[in-house]
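Heads up, the thing below is written out as structure tokens.
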4 protein chains.
Amino acid sequence: MKVTIDICLIPMSTELSISKYIVACQEIFLAAGLNHHLHAFGTNVEGEWDEVFDAVKKCHQKVHDMGAARISSSLRIGTRTDKTQGLQDKVESVQKQLKMG
Amino acid sequence: MKVTIDICLIPMSTELSISKYIVACQEIFLAAGLNHHLHAFGTNVEGEWDEVFDAVKKCHQKVHDMGAARISSSLRIGTRTDKTQGLQDKVESVQKQLKMG
Amino acid sequence: MKVTIDICLIPMSTELSISKYIVACQEIFLAAGLNHHLHAFGTNVEGEWDEVFDAVKKCHQKVHDMGAARISSSLRIGTRTDKTQGLQDKVESVQKQLKMG
Amino acid sequence: MKVTIDICLIPMSTELSISKYIVACQEIFLAAGLNHHLHAFGTNVEGEWDEVFDAVKKCHQKVHDMGAARISSSLRIGTRTDKTQGLQDKVESVQKQLKMG
């Protein structure tokens, strides 16, 4: 089962700037060979269900290892059986209609 | 690694009432022996990381099998290394302070 | 327009226990006369759109006033035009089917 | 109070492709003069709290007007009092560290 997620991981009770933790998560998605896209409030990740959620687990483990005692993540999870749709397809579908409008 | 999640699963492009899909997910959490609590906008589930996410995967698979071609879920994921805190502990901690206030 | 939300407010860079901030938000929903229900990973709130979002804004302002320099909230927002459905209706609809199943 | 949100609006019980509804929301953010960025699982929007949430309300109203009887949105809301940080600053802060790593 293919899945597209959007993850926003929040280490609690740490420094105000959390970018070093986000960097560590990007490196995990990269090492896993998962197609991903960082935006200002999270990261889109797509791939096989088990590989994507293995990476999510590794993010929590890594950020705990880096010293954050408490983590709260917000995820969106999308699956569909009617067709395969990549990250870029979804954005382009909207952008194309915006330009034509 | 213990985890507490809150999941709100949304089958798209189906009937307006989605309660039969929510019922199917409750049965999955029950069969998995996971402590869970249904509220009006999702379900709290707690347990070992792998067991909880195995149940989440089964929810998506089951709801697809029931005929929903597209699913979008919203999850919150909480992990902490400083202490173990059950679903009920978190609610009681707040309710106790509200009564004293 | 009536709305049902589920809010999970996370003060960042504070103490590990955030219950005092959650208590402050409960008091805001109570003072606003909004029907609300606390669970282990957020709070359901229902009412008129403007009143509900005025309370959400007050929560962010109050938690900043209490000393949290950064807040990240996760919200679910539900609106529907086909019928009115209260917080309790949604839970009972599922629980009734679970008992019959 | 400045705010950054990430919104993923889901019309339920409509066609499988929801891009026309997402297009309508982009047009609302554009007409409101709000800085926004579309990604594959939502849209980042930043601005003054009242203007941003006025746009969110208009999105729900517009999508109902277009025929969706039920909508479920997932939002992340970020506010901070320590500094002003734009959408692009957040992404660049992470990307810079990734390149140096």
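Within each chain, counting starts at residue 1; across the structure tokens, chains are named A, B, ... in the order shown, with ligands numbered 1 upward in that order.
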
Practice problem: Tell me which protein, DNA and RNA residues are within 9 Å of range 85-97 of chain D, counting only C-alpha atoms, leaving out same-chain ones fewer than 3 positions away, and put them as a VMD selection string. | Solution: (chain A and resid 19 to 20 22 to 23 26 38 to 41) or (chain D and resid 4 35 to 37 44 to 46 80 100 to 101)

Practice problem: Considering only C-alpha atoms, return as a PyMOL selection string whatever protein or nucleic-acid residues lie within 7 Å of range 59-74 of chain A, sequence-local ones (same chain, fewer than 6 positions apart) excluded. | Solution: (chain A and resi 7-12+14+21+25+28) or (chain B and resi 75-82) or (chain C and resi 74)

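Those residues of range 4-42 of chain C that DSSP, working from the backbone, places in helix (DSSP H, G or I) are Ser19, Lys20, Tyr21, Ile22, Val23, Ala24, Cys25, Gln26, Glu27, Ile28, Phe29, Leu30 and Ala31 of chain C.
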
Writer output for current selection, C-alpha atoms, as a short mmCIF file (atom, residue, chain, number, x, y, z; two decimals), in the first residue's frame:
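Contents of part-v3.cif, freshly written:
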data_model
loop_
_atom_site.label_atom_id
_atom_site.label_comp_id
_atom_site.auth_asym_id
_atom_site.auth_seq_id
_atom_site.Cartn_x
_atom_site.Cartn_y
_atom_site.Cartn_z
CA SER C 19 -1.26 20.81 32.11
CA LYS C 20 -1.45 24.33 33.57
CA TYR C 21 -1.72 25.74 30.03
CA ILE C 22 -4.44 23.24 29.14
CA VAL C 23 -6.31 24.22 32.30
CA ALA C 24 -6.18 27.88 31.22
CA CYS C 25 -7.69 26.96 27.84
CA GLN C 26 -10.49 24.94 29.47
CA GLU C 27 -11.34 28.03 31.53
CA ILE C 28 -11.54 30.10 28.33
CA PHE C 29 -13.99 27.63 26.70
CA LEU C 30 -16.02 27.57 29.91
CA ALA C 31 -16.13 31.37 30.22
#

Self-check item: Those of chain D in DSSP strand (DSSP E or B), formatted as a PyMOL selection string
Solution: chain D and resi 2-12+35-39+42-48+70-80

Next, the residues of the selection above should be written as an mmCIF file, in the first residue's frame with N, CA and C atoms.
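Written file, selection_4.cif:
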data_model
loop_
_atom_site.group_PDB
_atom_site.id
_atom_site.type_symbol
_atom_site.label_atom_id
_atom_site.label_comp_id
_atom_site.auth_asym_id
_atom_site.auth_seq_id
_atom_site.Cartn_x
_atom_site.Cartn_y
_atom_site.Cartn_z
ATOM 1 N N LYS D 2 0.606 37.975 14.812
ATOM 2 C CA LYS D 2 0.915 37.304 13.541
ATOM 3 C C LYS D 2 0.722 35.794 13.726
ATOM 4 N N VAL D 3 0.340 35.138 12.662
ATOM 5 C CA VAL D 3 0.151 33.694 12.755
ATOM 6 C C VAL D 3 0.591 33.023 11.447
ATOM 7 N N THR D 4 1.105 31.819 11.561
ATOM 8 C CA THR D 4 1.385 30.983 10.395
ATOM 9 C C THR D 4 0.522 29.733 10.545
ATOM 10 N N ILE D 5 -0.240 29.414 9.523
ATOM 11 C CA ILE D 5 -1.032 28.181 9.598
ATOM 12 C C ILE D 5 -0.665 27.262 8.430
ATOM 13 N N ASP D 6 -1.031 26.022 8.585
ATOM 14 C CA ASP D 6 -0.991 25.087 7.458
ATOM 15 C C ASP D 6 -2.368 24.446 7.418
ATOM 16 N N ILE D 7 -3.070 24.585 6.298
ATOM 17 C CA ILE D 7 -4.437 24.075 6.203
ATOM 18 C C ILE D 7 -4.578 23.033 5.109
ATOM 19 N N CYS D 8 -5.251 21.951 5.461
ATOM 20 C CA CYS D 8 -5.598 20.900 4.505
ATOM 21 C C CYS D 8 -7.108 20.721 4.609
ATOM 22 N N LEU D 9 -7.842 21.236 3.630
ATOM 23 C CA LEU D 9 -9.300 21.194 3.660
ATOM 24 C C LEU D 9 -9.802 19.986 2.864
ATOM 25 N N ILE D 10 -10.675 19.208 3.465
ATOM 26 C CA ILE D 10 -11.174 17.993 2.818
ATOM 27 C C ILE D 10 -12.691 18.014 2.684
ATOM 28 N N PRO D 11 -13.187 18.235 1.459
ATOM 29 C CA PRO D 11 -14.629 18.120 1.224
ATOM 30 C C PRO D 11 -14.970 16.631 1.239
ATOM 31 N N MET D 12 -15.994 16.253 1.982
ATOM 32 C CA MET D 12 -16.358 14.836 2.073
ATOM 33 C C MET D 12 -17.547 14.570 1.165
ATOM 34 N N ASN D 35 0.247 36.013 2.154
ATOM 35 C CA ASN D 35 1.362 35.219 1.657
ATOM 36 C C ASN D 35 1.031 33.740 1.878
ATOM 37 N N HIS D 36 1.073 32.943 0.824
ATOM 38 C CA HIS D 36 0.699 31.527 0.969
ATOM 39 C C HIS D 36 1.526 30.657 0.037
ATOM 40 N N HIS D 37 1.627 29.375 0.380
ATOM 41 C CA HIS D 37 2.425 28.427 -0.399
ATOM 42 C C HIS D 37 1.716 27.076 -0.408
ATOM 43 N N LEU D 38 1.369 26.635 -1.595
ATOM 44 C CA LEU D 38 0.692 25.341 -1.771
ATOM 45 C C LEU D 38 1.706 24.212 -1.808
ATOM 46 N N HIS D 39 1.455 23.135 -1.067
ATOM 47 C CA HIS D 39 2.268 21.921 -1.204
ATOM 48 C C HIS D 39 1.319 20.742 -1.420
ATOM 49 N N GLY D 42 -1.462 20.342 1.587
ATOM 50 C CA GLY D 42 -1.988 21.486 2.317
ATOM 51 C C GLY D 42 -1.419 22.786 1.782
ATOM 52 N N THR D 43 -1.704 23.872 2.512
ATOM 53 C CA THR D 43 -1.229 25.203 2.116
ATOM 54 C C THR D 43 -0.765 25.964 3.350
ATOM 55 N N ASN D 44 0.454 26.505 3.287
ATOM 56 C CA ASN D 44 0.943 27.413 4.339
ATOM 57 C C ASN D 44 0.347 28.792 4.086
ATOM 58 N N VAL D 45 -0.125 29.455 5.124
ATOM 59 C CA VAL D 45 -0.653 30.817 4.997
ATOM 60 C C VAL D 45 -0.129 31.626 6.179
ATOM 61 N N GLU D 46 0.329 32.837 5.932
ATOM 62 C CA GLU D 46 0.791 33.665 7.054
ATOM 63 C C GLU D 46 0.197 35.061 6.971
ATOM 64 N N GLY D 47 0.009 35.666 8.128
ATOM 65 C CA GLY D 47 -0.545 37.014 8.170
ATOM 66 C C GLY D 47 -1.061 37.342 9.555
ATOM 67 N N GLU D 48 -1.851 38.420 9.646
ATOM 68 C CA GLU D 48 -2.471 38.774 10.916
ATOM 69 C C GLU D 48 -3.541 37.734 11.255
ATOM 70 N N ARG D 70 -20.361 18.490 3.551
ATOM 71 C CA ARG D 70 -19.587 18.241 4.771
ATOM 72 C C ARG D 70 -18.101 18.469 4.495
ATOM 73 N N ILE D 71 -17.450 19.193 5.401
ATOM 74 C CA ILE D 71 -16.026 19.513 5.253
ATOM 75 C C ILE D 71 -15.299 19.189 6.548
ATOM 76 N N SER D 72 -14.126 18.601 6.403
ATOM 77 C CA SER D 72 -13.262 18.357 7.556
ATOM 78 C C SER D 72 -11.888 18.905 7.218
ATOM 79 N N SER D 73 -11.434 19.891 7.968
ATOM 80 C CA SER D 73 -10.119 20.480 7.716
ATOM 81 C C SER D 73 -9.156 20.105 8.815
ATOM 82 N N SER D 74 -7.905 20.013 8.454
ATOM 83 C CA SER D 74 -6.841 19.809 9.424
ATOM 84 C C SER D 74 -5.940 21.042 9.360
ATOM 85 N N LEU D 75 -5.729 21.676 10.531
ATOM 86 C CA LEU D 75 -4.920 22.898 10.598
ATOM 87 C C LEU D 75 -3.777 22.752 11.584
ATOM 88 N N ARG D 76 -2.657 23.376 11.252
ATOM 89 C CA ARG D 76 -1.613 23.616 12.256
ATOM 90 C C ARG D 76 -1.537 25.123 12.408
ATOM 91 N N ILE D 77 -1.401 25.581 13.636
ATOM 92 C CA ILE D 77 -1.371 27.017 13.916
ATOM 93 C C ILE D 77 -0.111 27.335 14.711
ATOM 94 N N GLY D 78 0.703 28.229 14.202
ATOM 95 C CA GLY D 78 1.921 28.611 14.911
ATOM 96 C C GLY D 78 1.946 30.087 15.241
ATOM 97 N N THR D 79 2.189 30.413 16.511
ATOM 98 C CA THR D 79 2.393 31.816 16.919
ATOM 99 C C THR D 79 3.634 31.864 17.803
ATOM 100 N N ARG D 80 4.336 32.976 17.757
ATOM 101 C CA ARG D 80 5.512 33.123 18.613
ATOM 102 C C ARG D 80 5.712 34.599 18.947
#

Practice problem: Please indicate the distance in Å from CA of Lys57 in chain C to CA of Lys83 in chain D, rounded to one decimal place. | Solution: 18.6 Å

Quiz item: How many Å separate CA of Glu51 in chain B from CA of Gly33 in chain B?
Solution: 9.4 Å

Quiz item: In Å to one decimal, how far is CA of Leu34 in chain B from CA of Val52 in chain B?
Solution: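 Those two atoms sit 7.4 Å apart.
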
Exercise. Considering only C-alpha atoms, state which residue in the set D:Met1, D:Trp49, D:Ala55, D:Ile18 is at the smallest distance from chain A.
Key: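 Closest residue, counting only C-alpha atoms: D:Ile18.
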